[in-house]
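*Asks:* Here's a structure for you.
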Amino acid sequence: SAPRLPAVQDARIVTTAPDDGLPAHFRRVVSFHPRGGRLNPVQRRAFETHAAAWYRDPIDFDGVIDPAALFGRDADVVLEIGSGMGESTAQMAIARPEINLLAVEVYKPGVAQTLHHLHRVGAQNVRLVRGDGVSVLTDLIAPGSLAEVWLFFPDPWPKTKHHKRRLVTPEFAELVASRLRKGGIFRLATDWEPYAEQMLAACTATRTLRNAHAGWAPRPTFRPPTRFERRGLAAGHQIQDLEFIRR
């Protein structure tokens, strides 16, 4: 099972901590690179102006999230892990107005930049949480409550000595499956072929998930090209999508 850590602390923005881009506490072996956490003027202004509309600090949650209270309406809840700088997140929210999209991102600049994009397109069906995806899934998401989980272009950690940092493992696939409702969908994408094979193997080994296709899935029509995808294509990589359904 996934390690349990205090997700409230994991996702909290601590202004008195060193500005290293990371929450105060996180899993010992993490799936993301430590990066600088300083906000540029656009990001700082976006956070100061728009956080109240879209951002929620997990310190305010009393146990698992109540989606109806969080979004102010009843709708299918989709969790995006690693929303990055948020341009694609905003576009996908506009393309899927019928869903409640909960976006999780660990970096302060990404959170702030996402707020900028959400305001620019006027996406009202998004809430943004800063934290580690494993801790959010473990501590804040009720079992069987999600319609979909999206994991698009996570860090592939290409060096062999870093493979242990890859997010998608059999244990992670089990965790995702436990949070999906029956018929819920786990969507993944990567441009790194060895990681794509690992994703496929991990999800295939999860007995409560079944592949919706005979191998790779077609690209979801609502997913726009991301910066990482464009970079991968420019490097000659092939994009691999996966779609697994909760039994």
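By order in the structure tokens, chains are A, B, ...; within a chain, residues start at 1; ligands start at 1, following the order shown.
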Mind dumping a table of every stretch 130-230 of chain A residue within 9 Å of stretch 52-74 of chain A, with the nearest atom pair and its distance in Å to one decimal, using only C-alpha atoms, sorted by chain and rising number, as CSV?
*Replies:*
```
residue,atom,partner,partner_atom,distance
A:Arg130,CA,A:Asp57,CA,7.1
A:Gly131,CA,A:Pro58,CA,8.4
A:Val136,CA,A:Pro58,CA,8.8
A:Asp139,CA,A:Val64,CA,6.5
A:Leu140,CA,A:Val64,CA,4.1
A:Ile141,CA,A:Val64,CA,5.4
A:Ala142,CA,A:Val64,CA,5.9
```
*Asks:* Excluding stretch 98-107 of chain A and any residue of its chain fewer than 6 positions from it, enumerate the residues within 6 Å of it, using only C-alpha atoms, and give them as a count of residues only.
*Replies:* 18
*Asks:* Between A:Val121, A:Leu242, A:Ala196, A:Ala112, which has the minimum distance to A:Ser88 (counting only C-alpha atoms)?
*Replies:*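 Closest candidate: A:Val121.
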*Asks:* Considering only C-alpha atoms, return as number ranges by chain whatever protein or nucleic-acid residues lie within 10 Å of A:Asp191, sequence-local ones (same chain, fewer than 5 positions apart) excluded.
*Replies:* A: 152-154, 156, 196, 228-233, 235-241
*Asks:* Please dump the current selection as a PDB file, in the first residue's frame; keep C-alpha atoms.
*Replies:*
```
ATOM      1  CA  PHE A 152      -0.141  12.841 -18.337  1.00  0.00           C
ATOM      2  CA  PHE A 153       3.632  12.926 -18.915  1.00  0.00           C
ATOM      3  CA  PRO A 154       4.992  12.291 -15.427  1.00  0.00           C
ATOM      4  CA  PRO A 156      10.182   9.391 -16.658  1.00  0.00           C
ATOM      5  CA  ALA A 196       5.180   3.365 -21.140  1.00  0.00           C
ATOM      6  CA  PHE A 228       6.463  17.914 -22.515  1.00  0.00           C
ATOM      7  CA  GLU A 229       4.692  16.163 -25.379  1.00  0.00           C
ATOM      8  CA  ARG A 230       5.918  18.676 -27.934  1.00  0.00           C
ATOM      9  CA  ARG A 231       9.426  18.325 -26.564  1.00  0.00           C
ATOM     10  CA  GLY A 232       9.214  14.536 -26.830  1.00  0.00           C
ATOM     11  CA  LEU A 233       7.951  14.667 -30.399  1.00  0.00           C
ATOM     12  CA  ALA A 235      13.203  14.491 -29.925  1.00  0.00           C
ATOM     13  CA  GLY A 236      11.671  11.767 -32.104  1.00  0.00           C
ATOM     14  CA  HIS A 237       9.763  10.020 -29.303  1.00  0.00           C
ATOM     15  CA  GLN A 238       6.437   8.285 -29.821  1.00  0.00           C
ATOM     16  CA  ILE A 239       3.519   9.282 -27.605  1.00  0.00           C
ATOM     17  CA  GLN A 240       1.849   6.344 -25.848  1.00  0.00           C
ATOM     18  CA  ASP A 241      -1.578   6.662 -24.233  1.00  0.00           C
TER      19      ASP A 241
END
```
*Asks:* According to DSSP computed on the backbone, where in stretch 8-206 of chain A is there helix (DSSP H, G or I)? Give the residues as a PyMOL selection string.
*Replies:* chain A and resi 8-11+41-54+58-60+67-71+87-95+108-121+133-140+160-165+170-179+193-204
*Asks:* What lies within 8 Å of A:His117 using only C-alpha atoms, ignoring chain neighbours under 4 positions off, as a PDB file with all heavy atoms, in the first residue's frame?
*Replies:*
```pdb
ATOM      1  N   GLY A  86      -0.288  24.281 -15.946  1.00  0.00           N
ATOM      2  CA  GLY A  86      -1.733  24.433 -15.984  1.00  0.00           C
ATOM      3  C   GLY A  86      -2.377  24.859 -17.280  1.00  0.00           C
ATOM      4  O   GLY A  86      -3.601  24.947 -17.356  1.00  0.00           O
ATOM      5  N   GLU A  87      -1.600  25.116 -18.321  1.00  0.00           N
ATOM      6  CA  GLU A  87      -2.223  25.545 -19.573  1.00  0.00           C
ATOM      7  C   GLU A  87      -3.122  24.448 -20.135  1.00  0.00           C
ATOM      8  O   GLU A  87      -4.266  24.698 -20.531  1.00  0.00           O
ATOM      9  CB  GLU A  87      -1.157  25.930 -20.603  1.00  0.00           C
ATOM     10  CG  GLU A  87      -1.729  26.497 -21.886  1.00  0.00           C
ATOM     11  CD  GLU A  87      -0.670  27.032 -22.821  1.00  0.00           C
ATOM     12  OE1 GLU A  87       0.533  26.828 -22.551  1.00  0.00           O
ATOM     13  OE2 GLU A  87      -1.044  27.685 -23.821  1.00  0.00           O
ATOM     14  N   ALA A  90      -6.316  23.939 -17.922  1.00  0.00           N
ATOM     15  CA  ALA A  90      -7.367  24.914 -18.214  1.00  0.00           C
ATOM     16  C   ALA A  90      -8.112  24.561 -19.490  1.00  0.00           C
ATOM     17  O   ALA A  90      -9.346  24.633 -19.550  1.00  0.00           O
ATOM     18  CB  ALA A  90      -6.759  26.309 -18.320  1.00  0.00           C
ATOM     19  N   GLN A 113       0.856  29.629 -11.766  1.00  0.00           N
ATOM     20  CA  GLN A 113       0.678  29.764 -13.210  1.00  0.00           C
ATOM     21  C   GLN A 113      -0.650  29.149 -13.647  1.00  0.00           C
ATOM     22  O   GLN A 113      -1.314  29.663 -14.558  1.00  0.00           O
ATOM     23  CB  GLN A 113       1.837  29.094 -13.953  1.00  0.00           C
ATOM     24  CG  GLN A 113       1.907  29.428 -15.432  1.00  0.00           C
ATOM     25  CD  GLN A 113       2.321  30.869 -15.688  1.00  0.00           C
ATOM     26  OE1 GLN A 113       3.104  31.428 -14.935  1.00  0.00           O
ATOM     27  NE2 GLN A 113       1.787  31.468 -16.742  1.00  0.00           N
ATOM     28  N   VAL A 121      -9.016  31.691 -19.193  1.00  0.00           N
ATOM     29  CA  VAL A 121     -10.044  31.006 -19.984  1.00  0.00           C
ATOM     30  C   VAL A 121     -11.395  30.986 -19.285  1.00  0.00           C
ATOM     31  O   VAL A 121     -12.398  30.585 -19.868  1.00  0.00           O
ATOM     32  CB  VAL A 121      -9.616  29.561 -20.326  1.00  0.00           C
ATOM     33  CG1 VAL A 121      -8.284  29.557 -21.073  1.00  0.00           C
ATOM     34  CG2 VAL A 121      -9.528  28.683 -19.072  1.00  0.00           C
TER      35      VAL A 121
END
```
*Asks:* Which is closer to A:Leu200 than all the others in A:Glu148, A:Glu48, A:Glu171, A:Glu243, using only C-alpha atoms?
*Replies:* A:Glu243
*Asks:* Select, from A:Ile185, A:Ala123, A:Leu167, A:Leu115, the residue with the minimum atom-to-atom distance to A:Arg96, counting only C-alpha atoms.
*Replies:*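 Of the candidates, the smallest distance to A:Arg96 is held by A:Ala123.
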*Asks:* Between A:Phe244, A:Met85, A:Arg227, A:Glu193, which has the minimum distance to A:Ala214 (counting only C-alpha atoms)?
*Replies:*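 Looking only at the distances to A:Ala214, the closest residue turns out to be A:Phe244.
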*Asks:* Would you give me, as a list in words, the residues in stretch 19-165 of chain A that DSSP reads as strand (DSSP E or B)?
*Replies:* Tyr55, Asp76, Val77, Val78, Leu79, Glu80, Ile81, Ile99, Asn100, Leu101, Leu102, Ala103, Val104, Glu105, Val126, Arg127, Leu128, Val129, Arg130, Leu146, Ala147, Glu148, Val149, Trp150, Leu151 and Phe152 of chain A
*Asks:* For atom CA of A:Arg165 and atom CA of A:Met199, determine how far apart the two atoms are, in Å to one decimal place.
*Replies:*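 Distance between the two atoms: 13.3 Å.
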*Asks:* Go ahead and compute the interatomic distance for atom CA of A:Pro224 and atom CA of A:Ile94, in Å to one decimal.
*Replies:*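 Computed distance, atom CA of A:Pro224 to atom CA of A:Ile94, equals 11.4 Å.
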